[in-house]
Amino acid sequence: MTNKFFKMAPPQVEPSKLSGILIVIEGMDSSGRSTHIERLTSWLEQKGYAVLQVGLKRSELVGPALEQAKQGNVLSPRTMSLFYATDFYDQLENSIVPALRAGSVVLADRYVFTLMARDIVRGADFEWLESLYSMALIPSAVFFLDTSWRTLVDRTLKAHASLDYWESGMDLGLSRDWFESYLKYQKRMSAEFKILGKKYNFVTVNGNRSIPAVDKDLRKHIEQVLETEYPAASKA
């Protein structure tokens, strides 16, 4: 793997020493990311790879506090951005980089792209966000589960009795009606993901299909990444 960072490597991190690979699964809420991360983890482990899963709010340092802060709805958008950035960098230093040094496959259930899209929708400047995540590792591949809003709504309402405050963008004042706000917010997020996808070379996967069909596509793409980025381990 040719490890590169968006602008610079974090202190005391030598890119050439990172022999593992980072694969990111991105997508809207209820697009099926977590389901496919679990399936891919089992598949890769059966093939002999060591796998680490990472995602948002999983930092031991700030993850619980971040979740608590979200429940209170009291932080400004800028403060929330910095909170999430702290969560990300703590995982980068203490989970992602060590796993890559050990030659593992790191599967990320969302990455900085979700954080950037959320922040842009809330008025953040793109250049500021690029600076904020300048030490983020560039993934070997980013797969975006492209899912229609009708499918997202159906899956969301089947899985949950009510809509989530943040996933509905209620903090933005788009509408007093939760469902209407949800639709407006998800469409704005989708638009930002498309822009980010072009800039950061997302591989788009049709997420409207069955779980086995999407899983098959992801495996095919990941096998190609392993052969290119991780040739020695691809023969395991």
# chains A, B, ... in the order shown; residues from 1 in each chain; ligands from 1
call {"tool": "residues_around", "arguments": {"residues": "A:Leu152", "least_positions_apart": "3", "cutoff": "8 Å", "atoms": "only C-alpha atoms", "output": "list in words"}}
result
Met28, Asp29, Ser30, Ser31, Thr147, Ser148, Trp149, Arg155 and Thr156 of chain A
call {"tool": "select_by_dssp", "arguments": {"residues": "stretch 156-203 of chain A", "states": "helix (DSSP H, G or I)", "output": "VMD selection string"}}
result
chain A and resid 156 to 159 170 to 172 178 to 200
call {"tool": "write_last_selection", "arguments": {"atoms": "N, CA and C atoms", "output": "PDB file, in the first residue's frame"}}
result
ATOM      1  N   THR A 156     -35.563   3.133   7.093  1.00  0.00           N
ATOM      2  CA  THR A 156     -35.519   3.865   8.363  1.00  0.00           C
ATOM      3  C   THR A 156     -36.768   3.619   9.193  1.00  0.00           C
ATOM      4  N   LEU A 157     -37.920   3.709   8.556  1.00  0.00           N
ATOM      5  CA  LEU A 157     -39.174   3.553   9.286  1.00  0.00           C
ATOM      6  C   LEU A 157     -39.418   2.101   9.705  1.00  0.00           C
ATOM      7  N   LYS A 158     -38.860   1.144   8.954  1.00  0.00           N
ATOM      8  CA  LYS A 158     -38.978  -0.254   9.343  1.00  0.00           C
ATOM      9  C   LYS A 158     -38.089  -0.577  10.544  1.00  0.00           C
ATOM     10  N   ALA A 159     -36.940   0.102  10.611  1.00  0.00           N
ATOM     11  CA  ALA A 159     -35.964  -0.190  11.669  1.00  0.00           C
ATOM     12  C   ALA A 159     -36.220   0.582  12.954  1.00  0.00           C
ATOM     13  N   MET A 170     -33.090  18.295  12.150  1.00  0.00           N
ATOM     14  CA  MET A 170     -33.979  19.180  12.884  1.00  0.00           C
ATOM     15  C   MET A 170     -33.255  20.383  13.481  1.00  0.00           C
ATOM     16  N   ASP A 171     -31.943  20.269  13.662  1.00  0.00           N
ATOM     17  CA  ASP A 171     -31.165  21.382  14.195  1.00  0.00           C
ATOM     18  C   ASP A 171     -31.004  22.510  13.176  1.00  0.00           C
ATOM     19  N   LEU A 172     -31.335  22.234  11.899  1.00  0.00           N
ATOM     20  CA  LEU A 172     -31.152  23.228  10.845  1.00  0.00           C
ATOM     21  C   LEU A 172     -32.387  24.097  10.617  1.00  0.00           C
ATOM     22  N   TRP A 178     -41.099  16.719  11.107  1.00  0.00           N
ATOM     23  CA  TRP A 178     -39.904  15.873  11.139  1.00  0.00           C
ATOM     24  C   TRP A 178     -39.686  15.143   9.812  1.00  0.00           C
ATOM     25  N   PHE A 179     -40.745  14.625   9.235  1.00  0.00           N
ATOM     26  CA  PHE A 179     -40.608  13.861   7.999  1.00  0.00           C
ATOM     27  C   PHE A 179     -40.158  14.756   6.851  1.00  0.00           C
ATOM     28  N   GLU A 180     -40.751  15.933   6.752  1.00  0.00           N
ATOM     29  CA  GLU A 180     -40.360  16.871   5.699  1.00  0.00           C
ATOM     30  C   GLU A 180     -38.909  17.318   5.886  1.00  0.00           C
ATOM     31  N   SER A 181     -38.533  17.576   7.141  1.00  0.00           N
ATOM     32  CA  SER A 181     -37.160  17.965   7.439  1.00  0.00           C
ATOM     33  C   SER A 181     -36.189  16.837   7.086  1.00  0.00           C
ATOM     34  N   TYR A 182     -36.594  15.601   7.394  1.00  0.00           N
ATOM     35  CA  TYR A 182     -35.773  14.438   7.077  1.00  0.00           C
ATOM     36  C   TYR A 182     -35.488  14.369   5.579  1.00  0.00           C
ATOM     37  N   LEU A 183     -36.515  14.525   4.769  1.00  0.00           N
ATOM     38  CA  LEU A 183     -36.347  14.450   3.320  1.00  0.00           C
ATOM     39  C   LEU A 183     -35.432  15.562   2.811  1.00  0.00           C
ATOM     40  N   LYS A 184     -35.643  16.772   3.288  1.00  0.00           N
ATOM     41  CA  LYS A 184     -34.821  17.900   2.844  1.00  0.00           C
ATOM     42  C   LYS A 184     -33.360  17.696   3.251  1.00  0.00           C
ATOM     43  N   TYR A 185     -33.163  17.241   4.474  1.00  0.00           N
ATOM     44  CA  TYR A 185     -31.801  17.051   4.978  1.00  0.00           C
ATOM     45  C   TYR A 185     -31.078  15.945   4.220  1.00  0.00           C
ATOM     46  N   GLN A 186     -31.746  14.822   4.017  1.00  0.00           N
ATOM     47  CA  GLN A 186     -31.118  13.707   3.318  1.00  0.00           C
ATOM     48  C   GLN A 186     -30.779  14.079   1.873  1.00  0.00           C
ATOM     49  N   LYS A 187     -31.615  14.876   1.232  1.00  0.00           N
ATOM     50  CA  LYS A 187     -31.334  15.302  -0.139  1.00  0.00           C
ATOM     51  C   LYS A 187     -30.128  16.233  -0.175  1.00  0.00           C
ATOM     52  N   ARG A 188     -29.992  17.082   0.830  1.00  0.00           N
ATOM     53  CA  ARG A 188     -28.823  17.963   0.896  1.00  0.00           C
ATOM     54  C   ARG A 188     -27.558  17.140   1.131  1.00  0.00           C
ATOM     55  N   MET A 189     -27.651  16.163   2.004  1.00  0.00           N
ATOM     56  CA  MET A 189     -26.505  15.296   2.267  1.00  0.00           C
ATOM     57  C   MET A 189     -26.112  14.531   1.008  1.00  0.00           C
ATOM     58  N   SER A 190     -27.103  14.038   0.281  1.00  0.00           N
ATOM     59  CA  SER A 190     -26.842  13.294  -0.945  1.00  0.00           C
ATOM     60  C   SER A 190     -26.106  14.160  -1.958  1.00  0.00           C
ATOM     61  N   ALA A 191     -26.515  15.422  -2.069  1.00  0.00           N
ATOM     62  CA  ALA A 191     -25.869  16.341  -3.007  1.00  0.00           C
ATOM     63  C   ALA A 191     -24.405  16.568  -2.629  1.00  0.00           C
ATOM     64  N   GLU A 192     -24.128  16.710  -1.334  1.00  0.00           N
ATOM     65  CA  GLU A 192     -22.748  16.927  -0.889  1.00  0.00           C
ATOM     66  C   GLU A 192     -21.901  15.676  -1.107  1.00  0.00           C
ATOM     67  N   PHE A 193     -22.482  14.510  -0.876  1.00  0.00           N
ATOM     68  CA  PHE A 193     -21.748  13.267  -1.107  1.00  0.00           C
ATOM     69  C   PHE A 193     -21.344  13.143  -2.578  1.00  0.00           C
ATOM     70  N   LYS A 194     -22.207  13.565  -3.485  1.00  0.00           N
ATOM     71  CA  LYS A 194     -21.887  13.486  -4.906  1.00  0.00           C
ATOM     72  C   LYS A 194     -20.698  14.374  -5.244  1.00  0.00           C
ATOM     73  N   ILE A 195     -20.649  15.553  -4.641  1.00  0.00           N
ATOM     74  CA  ILE A 195     -19.528  16.460  -4.868  1.00  0.00           C
ATOM     75  C   ILE A 195     -18.239  15.866  -4.303  1.00  0.00           C
ATOM     76  N   LEU A 196     -18.324  15.353  -3.078  1.00  0.00           N
ATOM     77  CA  LEU A 196     -17.156  14.744  -2.448  1.00  0.00           C
ATOM     78  C   LEU A 196     -16.714  13.498  -3.210  1.00  0.00           C
ATOM     79  N   GLY A 197     -17.686  12.758  -3.725  1.00  0.00           N
ATOM     80  CA  GLY A 197     -17.375  11.543  -4.463  1.00  0.00           C
ATOM     81  C   GLY A 197     -16.529  11.817  -5.694  1.00  0.00           C
ATOM     82  N   LYS A 198     -16.832  12.901  -6.387  1.00  0.00           N
ATOM     83  CA  LYS A 198     -16.047  13.273  -7.568  1.00  0.00           C
ATOM     84  C   LYS A 198     -14.644  13.710  -7.172  1.00  0.00           C
ATOM     85  N   LYS A 199     -14.544  14.445  -6.080  1.00  0.00           N
ATOM     86  CA  LYS A 199     -13.239  14.961  -5.649  1.00  0.00           C
ATOM     87  C   LYS A 199     -12.342  13.854  -5.110  1.00  0.00           C
ATOM     88  N   TYR A 200     -12.940  12.897  -4.380  1.00  0.00           N
ATOM     89  CA  TYR A 200     -12.139  11.877  -3.698  1.00  0.00           C
ATOM     90  C   TYR A 200     -12.288  10.481  -4.319  1.00  0.00           C
TER      91      TYR A 200
END
call {"tool": "residues_around", "arguments": {"residues": "stretch 38-49 of chain A", "least_positions_apart": "5", "cutoff": "10 Å", "atoms": "only C-alpha atoms", "output": "JSON, numbers by chain"}}
result
{"A": [20, 33, 103, 104, 105, 106, 107, 109, 211, 212, 215, 216, 218, 219, 222, 223, 233, 234, 235, 236]}
call {"tool": "atom_distance", "arguments": {"atom1": "atom CA of A:Ser81", "atom2": "atom CA of A:Gln53"}}
result
22.1 Å
